[in-house]
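Asks: Input data_8.csv, format and content: CSV, C-alpha atoms.
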chain,number,residue,atom,x,y,z
A,1,MET,CA,-0.5,-2.3,-25.8
A,2,ALA,CA,-1.8,1.3,-25.4
A,3,GLN,CA,-1.3,2.8,-21.9
A,4,THR,CA,-4.5,4.2,-20.5
A,5,THR,CA,-4.6,7.2,-18.2
A,6,GLU,CA,-5.5,6.6,-14.6
A,7,LEU,CA,-8.6,8.4,-13.5
A,8,TRP,CA,-9.1,9.5,-9.9
A,9,ASP,CA,-12.2,10.5,-8.0
A,10,ILE,CA,-11.6,13.9,-6.4
A,11,TYR,CA,-12.3,14.6,-2.8
A,12,ASP,CA,-12.3,17.8,-0.7
A,13,SER,CA,-10.2,18.2,2.4
A,14,ASP,CA,-12.8,16.5,4.6
A,15,ARG,CA,-12.9,13.5,2.2
A,16,ASN,CA,-16.2,14.4,0.8
A,17,PRO,CA,-16.6,13.4,-2.9
A,18,THR,CA,-16.7,16.4,-5.2
A,19,GLY,CA,-18.3,14.5,-8.0
A,20,ARG,CA,-15.3,15.3,-10.2
A,21,VAL,CA,-13.0,12.8,-11.9
A,22,GLU,CA,-9.5,13.9,-13.0
A,23,PRO,CA,-6.6,12.2,-14.7
A,24,ARG,CA,-3.5,11.3,-12.7
A,25,GLY,CA,-1.4,14.3,-12.1
A,26,ARG,CA,-4.1,16.9,-12.7
A,27,LEU,CA,-4.9,17.8,-9.1
A,28,VAL,CA,-5.2,21.5,-8.2
A,29,ILE,CA,-4.8,23.0,-4.7
A,30,GLY,CA,-7.6,21.7,-2.5
A,31,ASP,CA,-8.1,18.5,-4.4
A,32,TYR,CA,-7.4,15.1,-2.8
A,33,HIS,CA,-7.5,11.6,-4.1
A,34,LEU,CA,-7.3,8.2,-2.3
A,35,VAL,CA,-4.2,6.0,-1.9
A,36,VAL,CA,-3.9,2.6,-0.3
A,37,HIS,CA,-1.1,0.7,1.4
A,38,ILE,CA,-1.6,-3.0,1.9
A,39,TRP,CA,0.2,-4.8,4.7
A,40,LEU,CA,0.3,-8.6,4.3
A,41,MET,CA,1.3,-10.8,7.2
A,42,ASN,CA,2.0,-14.5,7.1
A,43,GLU,CA,1.2,-16.9,9.9
A,44,LYS,CA,4.7,-16.4,11.4
A,45,GLY,CA,4.0,-12.7,11.9
A,46,GLU,CA,6.3,-11.6,9.1
A,47,ILE,CA,5.2,-8.9,6.7
A,48,LEU,CA,5.7,-8.8,3.0
A,49,VAL,CA,7.8,-6.0,1.6
A,50,THR,CA,8.6,-5.3,-2.0
A,51,GLN,CA,11.4,-3.6,-3.7
A,52,ARG,CA,10.5,-0.9,-6.3
A,53,ALA,CA,11.6,-1.1,-9.9
A,54,GLN,CA,14.7,0.9,-10.5
A,55,ASN,CA,13.0,3.2,-13.1
A,56,LYS,CA,10.3,4.4,-10.6
A,57,PRO,CA,10.6,7.3,-8.1
A,58,TRP,CA,12.5,5.9,-5.1
A,59,GLY,CA,13.7,3.1,-7.3
A,60,LEU,CA,15.1,0.1,-5.4
A,61,PHE,CA,13.8,1.3,-2.1
A,62,TRP,CA,11.5,-1.1,-0.1
A,63,GLU,CA,7.8,-0.6,0.6
A,64,THR,CA,4.5,-2.4,1.1
A,65,THR,CA,2.2,-2.9,-1.8
A,66,GLY,CA,0.1,0.1,-2.6
A,67,GLY,CA,-1.2,2.6,-5.1
A,68,SER,CA,-3.9,5.0,-6.1
A,69,VAL,CA,-7.6,4.2,-5.9
A,70,LEU,CA,-9.1,4.5,-9.4
A,71,ALA,CA,-12.3,6.3,-10.2
A,72,GLY,CA,-15.4,4.3,-9.2
A,73,GLU,CA,-13.4,2.0,-6.8
A,74,THR,CA,-13.6,1.8,-3.1
A,75,SER,CA,-10.5,1.8,-1.0
A,76,LEU,CA,-10.8,-1.9,-0.3
A,77,GLN,CA,-11.4,-2.8,-4.0
A,78,ALA,CA,-8.2,-0.8,-4.8
A,79,ALA,CA,-6.3,-2.7,-2.1
A,80,VAL,CA,-7.3,-6.1,-3.5
A,81,ARG,CA,-6.5,-4.9,-7.1
A,82,GLU,CA,-3.1,-3.5,-6.3
A,83,VAL,CA,-2.0,-6.7,-4.6
A,84,ARG,CA,-3.2,-8.7,-7.6
A,85,GLU,CA,-1.5,-6.4,-10.1
A,86,GLU,CA,1.8,-6.0,-8.3
A,87,VAL,CA,2.5,-9.3,-6.6
A,88,GLY,CA,-0.1,-11.7,-8.2
A,89,LEU,CA,-2.0,-12.6,-5.0
A,90,GLU,CA,-5.8,-12.9,-4.8
A,91,LEU,CA,-7.1,-11.6,-1.5
A,92,ASP,CA,-10.5,-12.1,0.0
A,93,PRO,CA,-11.9,-8.6,0.6
A,94,ALA,CA,-13.8,-10.0,3.6
A,95,HIS,CA,-10.5,-10.5,5.4
A,96,GLY,CA,-9.3,-6.9,5.0
A,97,ILE,CA,-9.0,-4.7,8.1
A,98,LEU,CA,-8.7,-1.0,7.7
A,99,ILE,CA,-6.0,-0.1,10.3
A,100,ASP,CA,-5.4,3.6,9.5
A,101,SER,CA,-6.7,6.4,7.4
A,102,VAL,CA,-4.9,9.8,7.3
A,103,ARG,CA,-5.1,12.9,5.2
A,104,ARG,CA,-1.7,13.9,3.8
A,105,ASP,CA,-0.7,16.8,1.5
A,106,ARG,CA,-2.6,15.7,-1.6
A,107,ASP,CA,-4.3,12.5,-0.7
A,108,PHE,CA,-6.0,10.3,1.9
A,109,LEU,CA,-4.0,7.2,2.7
A,110,ASP,CA,-5.9,4.1,3.8
A,111,SER,CA,-3.7,1.3,5.3
A,112,TRP,CA,-5.2,-2.2,4.9
A,113,PHE,CA,-4.1,-5.3,6.7
A,114,PHE,CA,-4.5,-8.9,5.6
A,115,GLN,CA,-3.2,-12.0,7.3
A,116,GLY,CA,-3.0,-15.5,6.1
A,117,ARG,CA,-1.0,-18.4,4.6
A,118,LEU,CA,1.2,-16.4,2.3
A,119,ARG,CA,4.3,-17.8,0.5
A,120,LEU,CA,6.9,-16.2,-1.6
A,121,TYR,CA,6.6,-18.9,-4.3
A,122,ASP,CA,3.0,-17.9,-4.8
A,123,LEU,CA,4.0,-14.3,-5.8
A,124,LYS,CA,4.0,-13.2,-9.5
A,125,LEU,CA,5.9,-10.0,-9.4
A,126,ARG,CA,5.1,-7.3,-12.0
A,127,PRO,CA,8.7,-6.3,-13.2
A,128,ASP,CA,7.8,-2.7,-14.1
A,129,GLU,CA,6.6,-2.2,-10.5
A,130,VAL,CA,8.5,-4.7,-8.3
A,131,VAL,CA,11.9,-6.3,-8.7
A,132,ASP,CA,12.1,-8.3,-5.4
A,133,ALA,CA,9.9,-9.3,-2.4
A,134,LYS,CA,10.6,-10.9,0.9
A,135,PHE,CA,8.9,-11.6,4.2
A,136,ILE,CA,10.6,-9.9,7.1
A,137,SER,CA,10.3,-10.1,10.9
A,138,ARG,CA,9.6,-7.1,13.2
A,139,GLU,CA,13.3,-6.9,14.0
A,140,GLU,CA,14.4,-6.8,10.3
A,141,TYR,CA,11.6,-4.3,9.6
A,142,ASP,CA,13.0,-2.0,12.4
A,143,HIS,CA,16.5,-2.4,11.1
A,144,MET,CA,15.4,-1.5,7.6
A,145,ARG,CA,13.5,1.6,8.9
A,146,ARG,CA,16.6,2.7,10.9
A,147,GLY,CA,18.7,2.2,7.7
A,148,CYS,CA,16.3,4.4,5.6
A,149,MET,CA,15.7,1.5,3.2
A,150,PHE,CA,12.0,2.2,2.9
A,151,VAL,CA,10.2,4.7,0.7
A,152,PRO,CA,9.9,7.7,3.1
A,153,THR,CA,6.1,7.9,2.8
A,154,GLN,CA,5.6,4.5,4.4
A,155,PRO,CA,3.9,4.6,7.8
A,156,ASP,CA,5.4,2.6,10.6
A,157,PHE,CA,3.4,-0.6,10.3
A,158,PHE,CA,4.3,-2.2,13.6
A,159,GLN,CA,3.3,1.0,15.4
A,160,LEU,CA,-0.1,0.8,13.7
A,161,TYR,CA,-0.2,-3.0,14.4
A,162,ASP,CA,0.5,-2.5,18.1
A,163,VAL,CA,-2.2,0.2,18.5
A,164,ARG,CA,-4.9,-1.2,16.2
A,165,LEU,CA,-4.5,-5.0,16.0
A,166,LYS,CA,-2.4,-6.6,18.7
A,167,ASN,CA,-5.2,-6.9,21.3
A,168,ARG,CA,-8.0,-7.6,18.8
Write out the structure in this file as C-alpha cells.
Replies:
Amino acid sequence: MAQTTELWDIYDSDRNPTGRVEPRGRLVIGDYHLVVHIWLMNEKGEILVTQRAQNKPWGLFWETTGGSVLAGETSLQAAVREVREEVGLELDPAHGILIDSVRRDRDFLDSWFFQGRLRLYDLKLRPDEVVDAKFISREEYDHMRRGCMFVPTQPDFFQLYDVRLKNR
C-alpha cells in the first residue's frame, strides 16, 4: 500500500488560517499547524494511556492518543479520527469537550476530553503506532509522571481536569 503524505493547514501565530496547505515537515519559521491530544476517561475515573511503538520517536513511552489535524479537518474531527485509527474506538463528536488550547513552538495543541463506558477489550491497537494500552487511576498517572514515563510533550491531564471539568 502506498503511503500518502500528510497535508496540514497552515496558521499564523494568532491561529488565523493562512490559506496555505503544506506537507508534514515543511513548516517554515512563523508557520503553525494543529495538533490534538484526546483524553478518554472510563466511568471509574481512570484514563486511557497508550504506549508508543518502539520505532517511533519516544518509543515505548506512554501518552494519550493524539496526532496532527489534517488539511480540511477541524480539531474535533481529527480527535475522533485519531482515536479510531490508533485504538479502534468510535467516539461521538457531540460528547467531546475542548479542555485546553495552547500555542507551542510550532503548533497549536487542542486537548479533548471524552468520558464513557470504555473497555480495554474494545480496543483495536494499530501496532505501528501503539503497542500497549491501559486504564490508570489518578495515583498511577501521578506516579508515571514522576517517573518520567510519559512523552515529555504531554500536558498534565489531571491539572486540566481539576481546573476545567471537575466542577462542571
Asks: Under the rule that only C-alpha atoms are counted, which of A:Asp12, A:Glu85, A:Glu129, A:Asp100 is the nearest residue to Ile29 (chain A)?
Replies: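 Among the listed residues, the smallest separation from Ile29 (chain A) belongs to A:Asp12.
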Asks: Quick one: contact table of region 8-100 of chain A to region 158-163 of chain A, 10 Å max, nearest atom pair and distance in Å to one decimal per residue, counting all atoms listed in the file, chain and number order, as a tab-separated table?
Replies:
residue	atom	partner	partner_atom	distance
A:Trp39	CA	A:Tyr161	CA	9.9
A:Ile47	CA	A:Phe158	CA	9.7
A:Ile99	CA	A:Leu160	CA	6.9
A:Asp100	CA	A:Leu160	CA	7.3
Asks: Name the closest residue to Gly72 (chain A) among the candidates A:Arg26, A:Arg119, A:Arg138, A:His33; distances are taken between atoms, counting only C-alpha atoms.
Replies: A:His33
Asks: How close does each residue of region 7-74 of chain A get to region 102-113 of chain A, giving the shortest atom pair and distance in Å to one decimal for every residue with an atom at most 12 Å away, counting all atoms listed in the file, sorted by chain and residue number, as a tab-separated table?
Replies:
residue	atom	partner	partner_atom	distance
A:Trp8	CA	A:Asp107	CA	10.8
A:Asp9	CA	A:Asp107	CA	10.9
A:Ile10	CA	A:Asp107	CA	9.4
A:Tyr11	CA	A:Asp107	CA	8.5
A:Asp12	CA	A:Asp107	CA	9.6
A:Ser13	CA	A:Arg103	CA	7.9
A:Asp14	CA	A:Arg103	CA	8.5
A:Arg15	CA	A:Phe108	CA	7.6
A:Asn16	CA	A:Phe108	CA	11.0
A:Arg24	CA	A:Arg106	CA	12.0
A:Gly25	CA	A:Arg106	CA	10.7
A:Arg26	CA	A:Arg106	CA	11.3
A:Leu27	CA	A:Arg106	CA	8.1
A:Val28	CA	A:Arg106	CA	9.2
A:Ile29	CA	A:Arg106	CA	8.2
A:Gly30	CA	A:Arg106	CA	7.9
A:Asp31	CA	A:Arg106	CA	6.8
A:Tyr32	CA	A:Asp107	CA	4.6
A:His33	CA	A:Asp107	CA	4.8
A:Leu34	CA	A:Phe108	CA	4.9
A:Val35	CA	A:Leu109	CA	4.8
A:Val36	CA	A:Asp110	CA	4.8
A:His37	CA	A:Ser111	CA	4.7
A:Ile38	CA	A:Trp112	CA	4.8
A:Trp39	CA	A:Phe113	CA	4.8
A:Leu40	CA	A:Phe113	CA	6.0
A:Met41	CA	A:Phe113	CA	7.7
A:Asn42	CA	A:Phe113	CA	11.0
A:Ile47	CA	A:Phe113	CA	10.0
A:Leu48	CA	A:Phe113	CA	11.0
A:Thr64	CA	A:Ser111	CA	9.9
A:Thr65	CA	A:Trp112	CA	10.0
A:Gly66	CA	A:Ser111	CA	8.8
A:Gly67	CA	A:Leu109	CA	9.5
A:Ser68	CA	A:Leu109	CA	9.1
A:Val69	CA	A:Leu109	CA	9.8
A:Thr74	CA	A:Asp110	CA	10.6
Asks: Which one of A:Pro17, A:Pro23, A:Pro57, A:Gly45 sits closest to Phe135 (chain A) if you count only C-alpha atoms?
Replies: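 The answer is A:Gly45, which sits nearest to Phe135 (chain A).
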Asks: Would you list the residues near (8.2, 2.6, 0.0), meaning any protein, DNA or RNA residue with an atom at most 12 Å from that point in file coordinates, counting all atoms listed in the file, as a PDB file with C-alpha atoms, in the frame of the given file?
Replies:
ATOM      1  CA  HIS A  37      -1.100   0.700   1.400  1.00  0.00           C
ATOM      2  CA  ILE A  38      -1.600  -3.000   1.900  1.00  0.00           C
ATOM      3  CA  TRP A  39       0.200  -4.800   4.700  1.00  0.00           C
ATOM      4  CA  VAL A  49       7.800  -6.000   1.600  1.00  0.00           C
ATOM      5  CA  THR A  50       8.600  -5.300  -2.000  1.00  0.00           C
ATOM      6  CA  GLN A  51      11.400  -3.600  -3.700  1.00  0.00           C
ATOM      7  CA  ARG A  52      10.500  -0.900  -6.300  1.00  0.00           C
ATOM      8  CA  ALA A  53      11.600  -1.100  -9.900  1.00  0.00           C
ATOM      9  CA  LYS A  56      10.300   4.400 -10.600  1.00  0.00           C
ATOM     10  CA  PRO A  57      10.600   7.300  -8.100  1.00  0.00           C
ATOM     11  CA  TRP A  58      12.500   5.900  -5.100  1.00  0.00           C
ATOM     12  CA  GLY A  59      13.700   3.100  -7.300  1.00  0.00           C
ATOM     13  CA  LEU A  60      15.100   0.100  -5.400  1.00  0.00           C
ATOM     14  CA  PHE A  61      13.800   1.300  -2.100  1.00  0.00           C
ATOM     15  CA  TRP A  62      11.500  -1.100  -0.100  1.00  0.00           C
ATOM     16  CA  GLU A  63       7.800  -0.600   0.600  1.00  0.00           C
ATOM     17  CA  THR A  64       4.500  -2.400   1.100  1.00  0.00           C
ATOM     18  CA  THR A  65       2.200  -2.900  -1.800  1.00  0.00           C
ATOM     19  CA  GLY A  66       0.100   0.100  -2.600  1.00  0.00           C
ATOM     20  CA  GLY A  67      -1.200   2.600  -5.100  1.00  0.00           C
ATOM     21  CA  GLU A 129       6.600  -2.200 -10.500  1.00  0.00           C
ATOM     22  CA  VAL A 130       8.500  -4.700  -8.300  1.00  0.00           C
ATOM     23  CA  MET A 144      15.400  -1.500   7.600  1.00  0.00           C
ATOM     24  CA  ARG A 145      13.500   1.600   8.900  1.00  0.00           C
ATOM     25  CA  CYS A 148      16.300   4.400   5.600  1.00  0.00           C
ATOM     26  CA  MET A 149      15.700   1.500   3.200  1.00  0.00           C
ATOM     27  CA  PHE A 150      12.000   2.200   2.900  1.00  0.00           C
ATOM     28  CA  VAL A 151      10.200   4.700   0.700  1.00  0.00           C
ATOM     29  CA  PRO A 152       9.900   7.700   3.100  1.00  0.00           C
ATOM     30  CA  THR A 153       6.100   7.900   2.800  1.00  0.00           C
ATOM     31  CA  GLN A 154       5.600   4.500   4.400  1.00  0.00           C
ATOM     32  CA  PRO A 155       3.900   4.600   7.800  1.00  0.00           C
ATOM     33  CA  ASP A 156       5.400   2.600  10.600  1.00  0.00           C
ATOM     34  CA  PHE A 157       3.400  -0.600  10.300  1.00  0.00           C
TER      35      PHE A 157
END
Asks: Do you have the CA of Gln54 (chain A)-CA of Glu22 (chain A) distance handy?
Replies: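 Distance between the two atoms: 27.6 Å.
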Asks: To one decimal place in Å, what is the distance between CA of Val83 (chain A) and CA of Ala71 (chain A)?
Replies: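 It comes out at 17.5 Å.
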Asks: So how far away is CA of Asp128 (chain A) from CA of Gln115 (chain A), in Å?
Replies: 25.8 Å
Asks: Measuring between all atoms listed in the file, which one of A:Gly96, A:Gly19, A:Gly147, A:Gly88 shows the shortest distance to Leu125 (chain A)?
Replies: A:Gly88
Asks: With 4 Å of padding per side, what axis-aligned box (centre and edge lengths, Å, one decimal) covers all the listed atoms of region 114-121 of chain A? Give it as AutoDock Vina command-line options.
Replies:
--center_x 1.2 --center_y -13.9 --center_z 1.5 --size_x 19.4 --size_y 18.0 --size_z 19.6
Asks: Restricting the calculation to only C-alpha atoms: of A:Val131, A:Gly116, A:Leu165, A:Ser137, which residue gets closest to Glu86 (chain A)?
Replies: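 Closest to Glu86 (chain A) of all the choices is A:Val131.
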Asks: Hey, what's within 12 Å of Arg84 (chain A) if we count only C-alpha atoms and toss same-chain stuff fewer than 3 positions away? As JSON, numbers by chain, please?
Replies: {"A": [38, 65, 66, 67, 77, 78, 79, 80, 81, 87, 88, 89, 90, 91, 92, 93, 122, 123, 124, 125, 126]}
Asks: A:His95, A:Lys134, A:Glu73, A:Glu82: which is nearest Phe114 (chain A), counting all atoms listed in the file?
Replies: A:His95
